[in-house]
>>> print(open('data.cif').read())   # mmCIF, C-alpha atoms
data_run
#
loop_
_atom_site.label_atom_id
_atom_site.label_comp_id
_atom_site.auth_asym_id
_atom_site.auth_seq_id
_atom_site.Cartn_x
_atom_site.Cartn_y
_atom_site.Cartn_z
CA MET B 8 104.38 76.23 64.21
CA TYR B 9 103.34 79.37 62.37
CA ASN B 10 102.97 82.81 63.88
CA VAL B 11 99.82 83.85 62.10
CA ARG B 12 97.07 85.82 63.79
CA GLU B 13 93.71 84.10 63.65
CA SER B 14 90.44 85.98 63.77
CA SER B 15 87.10 84.98 62.33
CA ASN B 16 86.29 88.66 61.84
CA GLU B 17 89.58 89.79 60.35
CA PHE B 18 88.59 89.22 56.74
CA THR B 19 85.48 90.58 55.09
CA PRO B 20 84.22 88.97 51.87
CA ARG B 21 86.63 89.85 49.06
CA PHE B 22 85.51 89.45 45.49
CA SER B 23 87.99 89.84 42.68
CA ILE B 24 87.82 92.95 40.52
CA GLN B 25 88.03 90.54 37.60
CA PRO B 26 85.11 88.16 36.91
CA MET B 27 85.38 84.79 38.58
CA GLU B 28 87.13 82.30 36.33
CA LEU B 29 85.41 79.02 35.47
CA GLY B 30 87.02 75.90 34.11
CA ILE B 31 87.16 72.14 33.86
CA ASP B 32 89.61 69.64 35.35
CA SER B 33 90.13 66.15 33.98
CA PHE B 34 92.07 63.12 35.13
CA ALA B 35 91.95 61.64 31.62
CA SER B 36 89.84 58.76 32.84
CA ARG B 37 89.65 55.97 30.27
CA GLU B 38 86.44 54.44 31.69
CA HIS B 39 85.19 51.95 29.06
CA GLU B 40 86.99 53.60 26.14
CA GLN B 41 90.14 52.52 24.38
CA PRO B 42 93.10 54.80 25.21
CA VAL B 43 93.33 56.45 21.79
CA GLU B 44 89.60 57.17 21.79
CA ALA B 45 89.66 58.47 25.37
CA ILE B 46 92.49 60.92 24.62
CA GLN B 47 90.74 62.19 21.49
CA HIS B 48 87.52 62.74 23.43
CA LEU B 49 89.45 64.60 26.14
CA LEU B 50 90.96 66.92 23.52
CA GLU B 51 87.47 67.45 22.13
CA ARG B 52 86.29 68.53 25.59
CA ILE B 53 89.16 71.01 25.86
CA GLU B 54 88.30 72.43 22.43
CA THR B 55 84.65 72.77 23.50
CA ALA B 56 85.62 74.55 26.73
CA ASP B 57 87.69 77.00 24.69
CA ARG B 58 84.88 77.57 22.19
CA VAL B 59 82.21 78.32 24.83
CA GLY B 60 84.42 80.82 26.65
CA LEU B 61 85.62 78.96 29.72
CA ASP B 62 88.80 80.32 31.24
CA VAL B 63 90.91 77.30 32.11
CA PHE B 64 91.25 73.56 31.53
CA GLY B 65 93.36 71.41 33.86
CA VAL B 66 94.73 67.90 33.43
CA GLY B 67 95.75 65.90 36.49
CA GLU B 68 98.64 63.52 37.06
CA HIS B 69 98.19 59.89 38.07
CA HIS B 70 100.11 56.68 37.60
CA ARG B 71 97.23 54.20 37.68
CA ALA B 72 95.60 51.92 35.12
CA GLU B 73 92.30 53.80 35.05
CA PHE B 74 93.86 57.16 34.08
CA LEU B 75 95.83 58.35 31.05
CA ASP B 76 97.35 61.50 32.57
CA SER B 77 100.82 60.41 33.69
CA ALA B 78 102.28 63.05 31.30
CA PRO B 79 99.86 66.01 31.56
CA SER B 80 102.13 68.50 29.77
CA VAL B 81 102.01 66.32 26.64
CA ILE B 82 98.20 66.29 26.65
CA LEU B 83 98.11 70.04 27.27
CA ALA B 84 100.54 70.69 24.42
CA ALA B 85 98.26 68.75 22.07
CA ALA B 86 95.36 70.86 23.33
CA ALA B 87 97.34 74.07 22.82
CA ALA B 88 97.54 73.36 19.10
CA ARG B 89 93.75 72.99 18.93
CA THR B 90 92.66 75.98 21.07
CA GLN B 91 92.99 79.76 20.97
CA ARG B 92 92.51 81.42 24.34
CA ILE B 93 91.84 79.00 27.18
CA LYS B 94 94.49 78.69 29.91
CA LEU B 95 96.05 75.23 30.11
CA THR B 96 97.17 73.94 33.50
CA SER B 97 98.13 70.85 35.42
CA ALA B 98 95.65 69.75 38.08
CA VAL B 99 97.86 68.82 39.85
CA THR B 100 101.52 68.24 39.09
CA VAL B 101 102.70 65.80 41.78
CA LEU B 102 105.76 67.88 42.56
CA SER B 103 106.90 65.72 45.48
CA ALA B 104 107.66 62.92 43.01
CA ALA B 105 108.98 65.04 40.13
CA ASP B 106 112.19 66.80 39.16
CA PRO B 107 111.48 70.55 39.33
CA VAL B 108 113.92 71.22 36.49
CA ARG B 109 112.02 68.92 34.13
CA VAL B 110 108.67 70.27 35.33
CA PHE B 111 109.80 73.82 34.61
CA GLN B 112 111.17 72.89 31.18
CA GLN B 113 108.00 71.05 30.21
CA PHE B 114 105.69 73.91 31.19
CA ALA B 115 107.99 76.57 29.73
CA THR B 116 107.77 74.64 26.46
CA LEU B 117 103.99 74.41 26.82
CA ASP B 118 103.94 78.17 27.37
CA LEU B 119 105.75 78.68 24.06
CA VAL B 120 103.49 76.25 22.20
CA SER B 121 100.35 77.89 23.64
CA LYS B 122 101.65 81.46 23.18
CA GLY B 123 101.55 82.27 26.89
CA ARG B 124 98.64 80.21 28.21
CA ALA B 125 100.47 77.73 30.46
CA GLU B 126 99.88 77.45 34.19
CA MET B 127 100.48 74.75 36.77
CA VAL B 128 98.91 73.65 40.01
CA VAL B 129 101.48 71.84 42.12
CA GLY B 130 100.74 69.56 45.03
CA ARG B 131 101.74 66.45 46.94
CA GLY B 132 99.19 64.17 45.30
CA SER B 133 96.35 62.15 46.79
CA PHE B 134 97.60 58.75 45.60
CA THR B 135 100.89 57.08 46.53
CA GLU B 136 101.92 55.19 43.37
CA SER B 137 104.35 57.86 42.14
CA PHE B 138 106.67 57.53 45.14
CA PRO B 139 107.84 53.92 44.66
CA LEU B 140 107.68 54.42 40.88
CA PHE B 141 110.36 57.11 41.08
CA GLY B 142 112.32 55.60 43.95
CA LEU B 143 111.13 57.99 46.65
CA ASP B 144 110.21 57.39 50.29
CA PHE B 145 106.59 58.29 51.06
CA ASN B 146 107.69 59.22 54.59
CA ASP B 147 109.39 62.25 53.00
CA TYR B 148 106.05 63.29 51.47
CA ASP B 149 105.99 66.87 52.80
CA ALA B 150 109.73 67.56 52.96
CA LEU B 151 110.05 66.58 49.30
CA PHE B 152 107.30 68.98 48.32
CA ALA B 153 108.66 71.91 50.32
CA GLU B 154 112.17 71.55 48.89
CA LYS B 155 111.03 71.02 45.32
CA LEU B 156 108.62 73.95 45.43
CA GLU B 157 111.47 76.17 46.59
CA LEU B 158 113.57 75.06 43.61
CA LEU B 159 110.70 75.41 41.14
CA LEU B 160 110.10 79.01 42.22
CA LYS B 161 113.81 79.77 41.90
CA LEU B 162 113.83 78.29 38.40
CA ARG B 163 110.89 80.50 37.48
CA ALA B 164 112.62 83.61 38.79
CA GLU B 165 116.19 83.06 37.57
CA GLU B 166 117.68 81.94 34.26
CA ARG B 167 120.91 80.79 35.92
CA VAL B 168 120.38 78.92 39.17
CA THR B 169 122.60 78.11 42.13
CA TRP B 170 120.80 75.90 44.63
CA SER B 171 121.34 72.93 46.94
CA GLY B 172 119.00 70.69 48.89
CA LYS B 173 118.61 67.27 50.45
CA PHE B 174 116.77 65.29 47.77
CA ARG B 175 118.28 66.47 44.49
CA PRO B 176 121.84 67.13 43.25
CA ALA B 177 122.89 70.75 43.63
CA LEU B 178 122.85 73.29 40.80
CA ASN B 179 125.85 75.60 40.46
CA ASP B 180 125.23 78.60 38.21
CA GLN B 181 123.31 76.27 35.91
CA ALA B 182 121.31 77.78 33.04
CA VAL B 183 117.88 76.22 32.54
CA TYR B 184 116.09 76.46 29.20
CA PRO B 185 113.78 77.16 27.50
CA ARG B 186 112.42 80.27 29.15
CA PRO B 187 108.65 80.73 28.87
CA LEU B 188 106.85 83.46 26.98
CA GLN B 189 105.22 84.74 30.18
CA ALA B 190 107.48 86.62 32.57
CA GLU B 191 106.23 84.24 35.27
CA ILE B 192 104.23 81.10 34.61
CA PRO B 193 101.42 81.14 37.21
CA ILE B 194 102.04 78.48 39.86
CA TRP B 195 99.10 77.63 42.10
CA VAL B 196 99.45 75.44 45.19
CA GLY B 197 96.91 72.62 45.39
CA VAL B 198 95.81 71.83 48.95
CA GLY B 199 93.46 69.36 50.53
CA GLY B 200 92.89 70.61 54.04
CA THR B 201 95.95 70.79 56.34
CA PRO B 202 96.35 74.32 57.79
CA GLU B 203 100.13 74.17 57.28
CA SER B 204 99.63 73.84 53.52
CA PHE B 205 97.42 76.92 53.42
CA VAL B 206 99.89 78.93 55.48
CA ARG B 207 102.84 77.87 53.31
CA ALA B 208 101.07 79.07 50.16
CA GLY B 209 100.26 82.38 51.85
CA LEU B 210 103.82 82.98 53.03
CA LEU B 211 105.05 82.37 49.47
CA GLY B 212 102.37 84.62 47.97
CA LEU B 213 101.14 81.88 45.65
CA PRO B 214 97.53 81.44 44.50
CA LEU B 215 95.69 78.63 46.25
CA MET B 216 93.61 75.84 44.68
CA VAL B 217 91.49 74.06 47.29
CA ALA B 218 90.33 70.54 46.43
CA VAL B 219 86.84 70.26 47.88
CA ILE B 220 85.58 66.75 47.16
CA GLY B 221 83.35 66.19 50.17
CA GLY B 222 81.75 67.70 53.23
CA GLU B 223 80.66 71.33 53.30
CA THR B 224 82.70 73.97 51.55
CA HIS B 225 82.40 76.57 54.31
CA ARG B 226 84.50 74.35 56.61
CA PHE B 227 87.57 75.63 54.71
CA ARG B 228 86.96 79.25 55.76
CA ARG B 229 89.31 79.13 58.73
CA ALA B 230 92.11 77.66 56.60
CA VAL B 231 91.53 80.24 53.85
CA ASP B 232 91.68 83.00 56.45
CA LEU B 233 95.01 81.58 57.66
CA TYR B 234 96.25 81.68 54.08
CA ARG B 235 95.29 85.32 53.65
CA ALA B 236 96.69 86.28 57.05
CA ALA B 237 100.00 84.58 56.30
CA GLY B 238 100.18 86.29 52.93
CA ALA B 239 99.44 89.69 54.44
CA GLN B 240 102.05 89.24 57.17
CA ALA B 241 104.61 88.26 54.53
CA GLY B 242 103.88 91.51 52.68
CA HIS B 243 102.08 90.11 49.65
CA ALA B 244 99.45 92.26 47.95
CA PRO B 245 95.86 91.01 48.35
CA GLU B 246 95.45 90.58 44.59
CA LYS B 247 98.24 87.98 44.61
CA LEU B 248 96.40 85.85 47.17
CA LYS B 249 93.90 84.21 44.85
CA VAL B 250 91.67 81.35 45.97
CA GLY B 251 90.29 78.68 43.65
CA LEU B 252 87.99 75.71 44.22
CA HIS B 253 88.41 72.34 42.52
CA SER B 254 84.97 70.76 42.93
CA LEU B 255 83.24 67.62 41.76
CA GLY B 256 80.36 68.71 39.58
CA TYR B 257 78.13 68.20 36.58
CA VAL B 258 75.46 70.37 34.96
CA ALA B 259 72.40 69.25 32.99
CA PRO B 260 69.26 71.09 31.82
CA SER B 261 67.39 70.01 34.98
CA ARG B 262 68.40 69.08 38.51
CA GLU B 263 66.71 65.69 38.24
CA GLU B 264 68.53 64.81 35.03
CA ALA B 265 71.88 65.95 36.44
CA ILE B 266 71.55 63.75 39.53
CA ASN B 267 70.25 60.76 37.61
CA ASP B 268 73.13 61.05 35.13
CA TYR B 269 75.87 61.63 37.69
CA PHE B 270 75.08 59.55 40.76
CA PRO B 271 75.52 55.97 39.47
CA GLY B 272 79.03 56.50 38.13
CA TYR B 273 80.01 58.73 41.06
CA ALA B 274 78.90 56.04 43.52
CA LYS B 275 80.81 53.36 41.63
CA THR B 276 84.02 55.40 41.46
CA PHE B 277 84.11 56.56 45.06
CA THR B 278 83.05 53.20 46.45
CA ARG B 279 86.03 51.70 44.60
CA ILE B 280 88.41 54.34 45.93
CA GLY B 281 86.82 53.97 49.35
CA ARG B 282 87.76 50.30 49.50
CA GLU B 283 91.42 51.38 49.18
CA ARG B 284 91.11 54.04 51.89
CA GLY B 285 88.69 52.52 54.35
CA TRP B 286 85.69 54.69 53.47
CA PRO B 287 82.14 53.32 53.62
CA PRO B 288 80.31 52.62 50.33
CA VAL B 289 78.62 55.65 48.77
CA SER B 290 74.88 55.82 49.49
CA ARG B 291 72.25 57.99 47.83
CA GLU B 292 71.52 59.60 51.21
CA ARG B 293 75.16 60.58 51.61
CA PHE B 294 75.29 61.87 48.03
CA ASP B 295 72.19 64.03 48.55
CA ALA B 296 73.75 65.53 51.69
CA GLN B 297 76.96 66.34 49.78
CA ASN B 298 74.85 67.93 47.05
CA GLY B 299 72.71 70.01 49.43
CA PRO B 300 72.77 73.82 49.66
CA THR B 301 76.11 73.98 51.53
CA GLY B 302 77.59 70.67 50.33
CA ALA B 303 80.70 70.37 48.21
CA LEU B 304 79.17 68.82 45.08
CA LEU B 305 78.13 71.11 42.20
CA VAL B 306 75.56 68.85 40.55
CA GLY B 307 72.35 70.36 39.21
CA ASP B 308 70.86 72.72 36.63
CA PRO B 309 72.73 75.88 35.58
CA ASP B 310 70.78 78.28 37.82
CA GLU B 311 71.14 76.08 40.90
CA VAL B 312 74.86 75.48 40.40
CA GLY B 313 75.56 79.16 39.70
CA GLU B 314 73.77 80.19 42.90
CA LYS B 315 75.68 77.56 44.86
CA ILE B 316 79.02 78.85 43.55
CA LEU B 317 78.07 82.34 44.79
CA ARG B 318 77.23 80.88 48.22
CA HIS B 319 80.59 79.15 48.31
CA ALA B 320 82.29 82.43 47.37
CA ALA B 321 80.56 84.28 50.19
CA ALA B 322 81.33 81.51 52.69
CA LEU B 323 85.06 81.67 51.89
CA GLY B 324 85.36 85.45 51.72
CA GLY B 325 85.59 85.50 47.93
CA ILE B 326 86.97 83.12 45.34
CA ASP B 327 88.69 83.76 42.04
CA ARG B 328 88.35 80.46 40.17
CA VAL B 329 86.12 77.38 40.18
CA THR B 330 86.93 74.22 38.24
CA PHE B 331 84.55 71.31 37.71
CA GLN B 332 85.87 67.74 37.88
CA MET B 333 83.19 65.68 36.13
CA ASP B 334 84.87 62.76 34.38
CA ASN B 335 84.75 60.57 37.49
CA ALA B 336 81.19 59.39 36.91
CA GLU B 337 81.46 57.32 33.70
CA LEU B 338 79.40 59.86 31.78
CA PRO B 339 79.20 59.46 28.00
CA ARG B 340 80.94 61.84 25.64
CA GLU B 341 77.77 63.69 24.63
CA LYS B 342 76.72 64.46 28.20
CA LEU B 343 80.18 65.73 29.15
CA LEU B 344 80.22 68.04 26.14
CA ARG B 345 76.72 69.30 26.93
CA SER B 346 77.69 70.00 30.54
CA ILE B 347 80.74 72.01 29.46
CA GLN B 348 78.56 73.98 27.06
CA LEU B 349 76.02 74.77 29.79
CA ILE B 350 78.76 75.94 32.16
CA GLY B 351 80.19 78.24 29.50
CA GLU B 352 76.96 79.55 28.04
CA ARG B 353 74.72 79.72 31.13
CA ILE B 354 76.73 79.80 34.35
CA LYS B 355 79.69 81.94 33.32
CA PRO B 356 77.57 84.90 32.06
CA ALA B 357 75.41 84.72 35.19
CA LEU B 358 78.44 84.86 37.50
CA SER B 359 79.99 87.68 35.48
CA ALA B 360 76.88 89.76 36.16
CA HIS B 361 77.53 89.67 39.94
#
>>> encode(input="data.cif", output="structure tokens")
Amino acid sequence: MYNVRESSNEFTPRFSIQPMELGIDSFASREHEQPVEAIQHLLERIETADRVGLDVFGVGEHHRAEFLDSAPSVILAAAAARTQRIKLTSAVTVLSAADPVRVFQQFATLDLVSKGRAEMVVGRGSFTESFPLFGLDFNDYDALFAEKLELLLKLRAEERVTWSGKFRPALNDQAVYPRPLQAEIPIWVGVGGTPESFVRAGLLGLPLMVAVIGGETHRFRRAVDLYRAAGAQAGHAPEKLKVGLHSLGYVAPSREEAINDYFPGYAKTFTRIGRERGWPPVSRERFDAQNGPTGALLVGDPDEVGEKILRHAAALGGIDRVTFQMDNAELPREKLLRSIQLIGERIKPALSAH
């Protein structure tokens, strides 16, 4: 489908001139908390991430009872008023089921509230509830995303927009406001593994956020190479072709404590999701394999996790951003805050030294 040269030797490891960015992603899980309490604790985590020097905090989008993130831009705007420097992003915006005009307006407004700190990661979503909720056909899953991403990029580039497509009424020299503070709000493409998704992001010259929630991270190298090859063939500068990893992870003072804290809730959550998707129940043996030297999970002490991030970077030819998704394991407030502090105060300085 795509005319992109493939070669395992074409790309040498590429590390950003800038230090690797570290951050946290949250799905605003309510766990055993009341909604008001859960939202306040999430805002507290964002404040802590800002205070300890992390670079970015992302809030996902779901339309399920166990999550409170159906309106991520609202949560991020509340966080903007309580933080100073941290970038605030969606993780991800389910663009296939959204109106790009409203998405752009919401994040342009967030950019004004945050004084230029808004970003978004857009994707097709890993759950299906948003499609019937908004009257969309899941069979149009990819076509919806492709068309809406095209419109979103046009909205970012032009104040007055003329556009037509299949799934949304046309725009005829329509002005869209407000405009953001940034000349261009960064738009990352969230991908889960299909080569076509990597190539599309490369052809558009958009930064790539790879969701690595299982297996071994190095298995994405071929797809990342396709992304970079597509971007190069389309004429995009290498510095535009950023690669980020969204990884399940948790950091504690010792490896043993991190695993003992994280595994029970992780097993419960992914066994529940597995029942919906036909996966086997999570076992400790399977968890340990996922958390091994080349596995996707970033669970351990600060030194171990930092070294593993560097291995992942080498395996993928360089990465520019890593975000930890840790509120899927029913961890208490104090442990989540401690983990964020360890990532900011121990892992980030260590990575910056490389």
>>> axis_aligned_box(input="data.cif", around="region 348-352 of chain B", padding_each_side="8 Å", output="AutoDock Vina command-line options")
--center_x 78.1 --center_y 76.8 --center_z 29.6 --size_x 20.2 --size_y 21.6 --size_z 21.1
>>> closest_residue(input="data.cif", among="B:Leu151, B:Ala182, B:Ala56, B:Ala208", to="Ser346 (chain B)", atoms="only C-alpha atoms")
B:Ala56
>>> resolve_selection(input="data.cif", expression="the PyMOL selection byres ((chain B and resi 170-179) around 10)", output="list in words")
Asp106, Pro107, Leu143, Asp147, Ala150, Leu151, Glu154, Lys155, Glu157, Leu158, Lys161, Leu162, Arg167, Val168, Thr169, Asp180, Gln181 and Ala182 of chain B
>>> closest_residue(input="data.cif", among="B:Ala88, B:Ile192, B:Ile354, B:Met333", to="Asp118 (chain B)", atoms="only C-alpha atoms")
B:Ile192
>>> resolve_selection(input="data.cif", expression="the PyMOL selection byres ((chain B and resi 26) around 12)", output="ChimeraX atom specification")
/B:22-25,27-29,61-62,325-329,355-361
>>> write_last_selection(input="data.cif", atoms="C-alpha atoms", output="PDB file, keeping the file's coordinate frame")
ATOM      1  CA  PHE B  22      85.510  89.450  45.490  1.00  0.00           C
ATOM      2  CA  SER B  23      87.990  89.840  42.680  1.00  0.00           C
ATOM      3  CA  ILE B  24      87.820  92.950  40.520  1.00  0.00           C
ATOM      4  CA  GLN B  25      88.030  90.540  37.600  1.00  0.00           C
ATOM      5  CA  MET B  27      85.380  84.790  38.580  1.00  0.00           C
ATOM      6  CA  GLU B  28      87.130  82.300  36.330  1.00  0.00           C
ATOM      7  CA  LEU B  29      85.410  79.020  35.470  1.00  0.00           C
ATOM      8  CA  LEU B  61      85.620  78.960  29.720  1.00  0.00           C
ATOM      9  CA  ASP B  62      88.800  80.320  31.240  1.00  0.00           C
ATOM     10  CA  GLY B 325      85.590  85.500  47.930  1.00  0.00           C
ATOM     11  CA  ILE B 326      86.970  83.120  45.340  1.00  0.00           C
ATOM     12  CA  ASP B 327      88.690  83.760  42.040  1.00  0.00           C
ATOM     13  CA  ARG B 328      88.350  80.460  40.170  1.00  0.00           C
ATOM     14  CA  VAL B 329      86.120  77.380  40.180  1.00  0.00           C
ATOM     15  CA  LYS B 355      79.690  81.940  33.320  1.00  0.00           C
ATOM     16  CA  PRO B 356      77.570  84.900  32.060  1.00  0.00           C
ATOM     17  CA  ALA B 357      75.410  84.720  35.190  1.00  0.00           C
ATOM     18  CA  LEU B 358      78.440  84.860  37.500  1.00  0.00           C
ATOM     19  CA  SER B 359      79.990  87.680  35.480  1.00  0.00           C
ATOM     20  CA  ALA B 360      76.880  89.760  36.160  1.00  0.00           C
ATOM     21  CA  HIS B 361      77.530  89.670  39.940  1.00  0.00           C
TER      22      HIS B 361
END
